[in-house]
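Student: Just passing along the structure, written as structure tokens.
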Amino acid sequence: MPIPLFNSIASWLLKKRYHQIELFLKYPGEVQEEVLHQLLEIAEDTEMGKKYGFASINSYETFRERVPMASYEEIEPMIERTRKGEQNLFWPTSIKWFAKSSGTTNAKSKFIPVSSEALEDCHYKSGKDLLCLYLNNNENSQLFTGKSLRLGGSKELYKDSGSFFGDLSAILIDNMPLWAEFSSTPSSKVSLMSEWESKLRAIIKESTEENVTSLAGVPSWMLVLLNKVLEETGKNHLFEVWENLEVYFHGGVSFNPYQEQYRKILPRKNFRYYEIYNASEGFFAIQDRNDADDLLLMLDYGIFYEFVPMDSYGTGEQLTIPLSEVEIGTNYAIVITTNSGLWRYKIGDTVRFTSVSPYRIKVTGRTKHHINVFGEELIIENAEEALKSICAKTGAEIMDYTAGPIFMSGKDKGAHEWIIEFRKIPEDLNYFTEFLDNALKSLNSDYEAKRYNNITLKMPKVHVARENLFYDWLKSKDKLGGQHKIPRLSNKRDYLEELLRMNA
């Protein structure tokens, strides 16, 4: 099919979907209620369905009372049974795909079930919706006159007892519909290569010859690839490599630390950035407006949402609420029920609503990845905002970072200890540290209270990481590429101690 004709047909089909999106924008509560009842009806004859009497659940309140919330550890035995061939345990259709996920860099892996319904009605539907929303906002787009440079996971798919597991991105690429394969680069063979550094070279070899109009991947790893492209080609910026490049679709980690570095290698004011929020467990939200910093929660992907206010999370007063009861500005832990058979599953992410008409969110961090040793409740969103403002003020550029506590010892007060790898080091590290401290105080009243007159916390301690410290750390754990992430904040010192030893 000629590319101009493909561009026209694809654009027309994607824009038709916008009318369906308008339905859940107008009736969000009704759409979510329908999703819940459909999931319960479909799974009522499964082992889970019979155990909790799905057939007689006719309201959200009954669902909340009868079905317990679950962490991965609590459902792992049932997942393992499914991986070994048993079916109809938590979802009626056969599940043979499992997305291998470690969250960050934990040695223990999770195997998240991926049903055929989730592939079609969530993951692939979301890919089309991302394009639909982008085209709806950019009428003159020439997206389909070229290809999307995708950077997926670097793990091959492994067969195990009749089931298959691998990075979610590898599963998606392996099952990709023809239209998506036709419009993407590199080839599936290269995309599924397991060795990260060989894969980079192969991607560059294939993709620099293509007319690339969009980029898609995790910001940290995409930046490594794009800088390598410039190094290999000897070009000054990416438009000298791909002149028709118009948008970068990104997700997986916060874009804030990388924003300025991308603007330097993509120096066009009309270049677009579109953020997504997806995980091994599902695809949840998409930026639906140009230049927005929040995401539209997608309500018709076969996922039912519940939320736990973080001020009660993990306590005896913990109570989940449906979407209709959320409030703007509150930090919530997300609980999901999905068309892969995850029932009231604690995904471990936290979000804050910026709007309830329609429902838009910002991802604020992880339920386990914060620092609250001294009651300061420092979350990833605070850290990202503080570092962004410091970089704007000092001209510093940050590649990666992590932070953890310095515990009290005797009469010594506690503090936060940071390891930051800079692309451009600040001229005065003491000024940078002071600015970091003040920025965190302005963003977080609990942190400010603990820092008042050094009552509990002393000034933070900042180490400058050597070049490639975080890359080498991930490489030592066989965690290069794909969905692997640096743990930003921790209540323990494990990550800090390992990195400090490597930084010596």
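Here, A, B, ... name the chains of the structure tokens in the order displayed, residue numbers run from 1 inside each chain, and ligands are numbered from 1 in the same displayed order.
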Counting only C-alpha atoms, which residues in range 80-190 of chain A sit no more than 8 Å from range 37-43 of chain A? For each one, give the nearest pair of atoms and the distance in Å, sorted by chain then residue number, as JSON lines.
Tutor:
{"residue": "A:Phe90", "atom": "CA", "partner": "A:Ala43", "partner_atom": "CA", "distance": 7.0}
{"residue": "A:Trp91", "atom": "CA", "partner": "A:Ala43", "partner_atom": "CA", "distance": 5.7}
{"residue": "A:Pro92", "atom": "CA", "partner": "A:Ala43", "partner_atom": "CA", "distance": 5.9}
Student: To test your reading of the structure, identify every residue in range 363-442 of chain A that backbone DSSP assigns to strand (DSSP E), and report it as a VMD selection string.
Tutor: chain A and resid 363 to 366 397 to 406 415 to 424
Student: Can you write just those residues out, N, CA and C atoms, as a PDB file, in the first residue's frame?
Tutor:
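The resulting file, again-v2.pdb, is shown below:
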ATOM      1  N   VAL A 363       1.416  10.800  37.901  1.00  0.00           N
ATOM      2  CA  VAL A 363       2.037   9.714  38.661  1.00  0.00           C
ATOM      3  C   VAL A 363       2.998  10.353  39.655  1.00  0.00           C
ATOM      4  N   THR A 364       2.839  10.029  40.945  1.00  0.00           N
ATOM      5  CA  THR A 364       3.647  10.689  41.979  1.00  0.00           C
ATOM      6  C   THR A 364       4.738   9.802  42.550  1.00  0.00           C
ATOM      7  N   GLY A 365       4.660   8.487  42.299  1.00  0.00           N
ATOM      8  CA  GLY A 365       5.728   7.625  42.804  1.00  0.00           C
ATOM      9  C   GLY A 365       5.263   6.210  43.049  1.00  0.00           C
ATOM     10  N   ARG A 366       5.899   5.567  44.011  1.00  0.00           N
ATOM     11  CA  ARG A 366       5.606   4.182  44.359  1.00  0.00           C
ATOM     12  C   ARG A 366       5.275   4.111  45.844  1.00  0.00           C
ATOM     13  N   GLU A 397      22.779  19.534  34.605  1.00  0.00           N
ATOM     14  CA  GLU A 397      21.991  18.533  33.890  1.00  0.00           C
ATOM     15  C   GLU A 397      22.205  17.189  34.561  1.00  0.00           C
ATOM     16  N   ILE A 398      21.093  16.518  34.891  1.00  0.00           N
ATOM     17  CA  ILE A 398      21.142  15.269  35.655  1.00  0.00           C
ATOM     18  C   ILE A 398      20.842  14.080  34.758  1.00  0.00           C
ATOM     19  N   MET A 399      21.661  13.052  34.873  1.00  0.00           N
ATOM     20  CA  MET A 399      21.444  11.808  34.143  1.00  0.00           C
ATOM     21  C   MET A 399      20.610  10.843  34.985  1.00  0.00           C
ATOM     22  N   ASP A 400      21.061  10.582  36.215  1.00  0.00           N
ATOM     23  CA  ASP A 400      20.376   9.645  37.102  1.00  0.00           C
ATOM     24  C   ASP A 400      20.667  10.006  38.552  1.00  0.00           C
ATOM     25  N   TYR A 401      19.839   9.471  39.451  1.00  0.00           N
ATOM     26  CA  TYR A 401      20.067   9.746  40.869  1.00  0.00           C
ATOM     27  C   TYR A 401      19.342   8.701  41.707  1.00  0.00           C
ATOM     28  N   THR A 402      19.768   8.602  42.960  1.00  0.00           N
ATOM     29  CA  THR A 402      19.023   7.858  43.973  1.00  0.00           C
ATOM     30  C   THR A 402      19.285   8.523  45.316  1.00  0.00           C
ATOM     31  N   ALA A 403      18.399   8.299  46.261  1.00  0.00           N
ATOM     32  CA  ALA A 403      18.554   8.903  47.586  1.00  0.00           C
ATOM     33  C   ALA A 403      18.009   7.965  48.645  1.00  0.00           C
ATOM     34  N   GLY A 404      18.576   8.062  49.827  1.00  0.00           N
ATOM     35  CA  GLY A 404      18.125   7.255  50.957  1.00  0.00           C
ATOM     36  C   GLY A 404      18.478   7.957  52.258  1.00  0.00           C
ATOM     37  N   PRO A 405      18.186   7.321  53.381  1.00  0.00           N
ATOM     38  CA  PRO A 405      18.395   7.972  54.678  1.00  0.00           C
ATOM     39  C   PRO A 405      19.795   7.772  55.244  1.00  0.00           C
ATOM     40  N   ILE A 406      20.241   8.759  56.011  1.00  0.00           N
ATOM     41  CA  ILE A 406      21.346   8.570  56.955  1.00  0.00           C
ATOM     42  C   ILE A 406      20.672   8.442  58.314  1.00  0.00           C
ATOM     43  N   ALA A 415      19.618  12.448  58.202  1.00  0.00           N
ATOM     44  CA  ALA A 415      19.714  13.280  56.993  1.00  0.00           C
ATOM     45  C   ALA A 415      19.338  12.418  55.790  1.00  0.00           C
ATOM     46  N   HIS A 416      19.282  13.064  54.635  1.00  0.00           N
ATOM     47  CA  HIS A 416      19.098  12.339  53.375  1.00  0.00           C
ATOM     48  C   HIS A 416      20.417  12.370  52.614  1.00  0.00           C
ATOM     49  N   GLU A 417      20.764  11.253  52.010  1.00  0.00           N
ATOM     50  CA  GLU A 417      22.007  11.142  51.251  1.00  0.00           C
ATOM     51  C   GLU A 417      21.648  10.864  49.786  1.00  0.00           C
ATOM     52  N   TRP A 418      22.219  11.650  48.901  1.00  0.00           N
ATOM     53  CA  TRP A 418      21.920  11.575  47.464  1.00  0.00           C
ATOM     54  C   TRP A 418      23.176  11.209  46.686  1.00  0.00           C
ATOM     55  N   ILE A 419      22.997  10.379  45.657  1.00  0.00           N
ATOM     56  CA  ILE A 419      24.048  10.152  44.667  1.00  0.00           C
ATOM     57  C   ILE A 419      23.475  10.599  43.333  1.00  0.00           C
ATOM     58  N   ILE A 420      24.122  11.569  42.706  1.00  0.00           N
ATOM     59  CA  ILE A 420      23.602  12.138  41.463  1.00  0.00           C
ATOM     60  C   ILE A 420      24.669  12.063  40.378  1.00  0.00           C
ATOM     61  N   GLU A 421      24.289  11.499  39.249  1.00  0.00           N
ATOM     62  CA  GLU A 421      25.182  11.486  38.086  1.00  0.00           C
ATOM     63  C   GLU A 421      24.774  12.630  37.169  1.00  0.00           C
ATOM     64  N   PHE A 422      25.704  13.535  36.945  1.00  0.00           N
ATOM     65  CA  PHE A 422      25.434  14.728  36.148  1.00  0.00           C
ATOM     66  C   PHE A 422      25.961  14.565  34.729  1.00  0.00           C
ATOM     67  N   ARG A 423      25.219  15.091  33.779  1.00  0.00           N
ATOM     68  CA  ARG A 423      25.791  15.310  32.453  1.00  0.00           C
ATOM     69  C   ARG A 423      26.572  16.616  32.471  1.00  0.00           C
ATOM     70  N   LYS A 424      26.034  17.587  33.219  1.00  0.00           N
ATOM     71  CA  LYS A 424      26.715  18.864  33.411  1.00  0.00           C
ATOM     72  C   LYS A 424      26.716  19.160  34.904  1.00  0.00           C
TER      73      LYS A 424
END
Student: Please indicate the distance in Å from CA of Ser116 in chain A to CA of Val67 in chain A, rounded to one decimal place.
Tutor: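 Here the two named atoms are 24.0 Å from each other.
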Student: What lies within 12 Å of Asp160 in chain A using only C-alpha atoms, ignoring chain neighbours under 6 positions off, as a list in words?
Tutor: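 Final neighbour list, sorted by chain and number: Glu80, Thr82, Arg83, Lys84, Gly85, Lys96, Trp97, Phe98, Phe111 and Gly166 of chain A.
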Student: Those residues you just picked out, can you put them in a file as a PDB file, in the first residue's frame with C-alpha atoms?
Tutor:
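Dumped everything to selection-v2.pdb:
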ATOM      1  CA  GLU A  80       2.589 -20.354  39.514  1.00  0.00           C
ATOM      2  CA  THR A  82      -1.227 -21.202  35.880  1.00  0.00           C
ATOM      3  CA  ARG A  83       2.349 -21.002  34.592  1.00  0.00           C
ATOM      4  CA  LYS A  84       2.557 -24.781  35.022  1.00  0.00           C
ATOM      5  CA  GLY A  85      -0.545 -25.359  32.910  1.00  0.00           C
ATOM      6  CA  LYS A  96      -0.068 -18.470  28.293  1.00  0.00           C
ATOM      7  CA  TRP A  97       1.782 -15.129  28.410  1.00  0.00           C
ATOM      8  CA  PHE A  98       3.427 -13.709  31.532  1.00  0.00           C
ATOM      9  CA  PHE A 111       5.248 -12.930  36.458  1.00  0.00           C
ATOM     10  CA  GLY A 166       9.524 -12.014  28.949  1.00  0.00           C
TER      11      GLY A 166
END
Student: Need to verify the contact set: Ser148 in chain A, 8 Å, only C-alpha atoms, exclusion of same-chain residues closer than 6 positions in sequence. Can you return it as a ChimeraX atom specification?
Tutor: /A:183-185,212-216
Student: Closest to Phe144 in chain A among A:Tyr124, A:Glu195, A:Leu225, A:Asn244, using only C-alpha atoms?
Tutor: A:Asn244
Student: Kindly give the distance, in Å, that separates CA of Tyr60 in chain A and CA of Thr367 in chain A, rounded to a single decimal.
Tutor: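 Computing it gives 24.0 Å between the two atoms.
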Student: For Glu231 in chain A, find every residue with an atom within 12 Å (counting only C-alpha atoms), except residues of its own chain fewer than 4 positions away, and show them as a PyMOL selection string.
Tutor: chain A and resi 201+204+224-227+235-238+241+265
Student: Per DSSP on the backbone, filter range 55-109 of chain A down to the residues in alpha helix (DSSP H) and report them as a PyMOL selection string.
Tutor: chain A and resi 60-66+72-83
Student: Pick out the residues sitting within 12 Å of Glu325 in chain A, and hand them over as number ranges by chain; count only C-alpha atoms, and ignore anything fewer than 5 positions along from it in its own chain.
Tutor: A: 28-29, 305-309, 319-320, 330, 332, 353, 356, 359
Student: Can you work out which one of A:Leu143, A:Leu295, A:Ile361, A:Asp349 has the shortest atom-to-atom distance to Tyr248 in chain A, counting only C-alpha atoms?
Tutor: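 Residue with the minimum atom-to-atom distance to Tyr248 in chain A: A:Leu143.
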Student: Have a look at CA of Trp242 in chain A and CA of Thr208 in chain A and let me know their distance in Å, one decimal.
Tutor: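 Separation of CA of Trp242 in chain A and CA of Thr208 in chain A: 7.6 Å.
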Student: Which residue gives the smallest distance to Gly127 in chain A among A:Thr93, A:Asn468, A:Asn438, A:Asn278, with only C-alpha atoms counted?
Tutor: A:Asn278
Student: So that I can check the surroundings of Leu89 in chain A, please list as a list in words every protein, DNA and RNA residue that reaches within 8 Å of it, counting only C-alpha atoms and ignoring chain neighbours fewer than 4 positions away.
Tutor: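 Answer for this query is Thr46, Glu47, Met48, Met78 and Thr82 of chain A.
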Student: With only C-alpha atoms as the basis for distance, which of A:Met408, A:Met459, A:Ile380, A:Ile171 is at the shortest distance from Leu443 in chain A?
Tutor: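 Smallest separation from Leu443 in chain A among the options: A:Ile380.
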Student: Given only C-alpha atoms as the basis, pick out the residue of A:Asp472, A:Glu246, A:Asp174, A:Glu275 nearest to Pro219 in chain A.
Tutor: A:Glu275
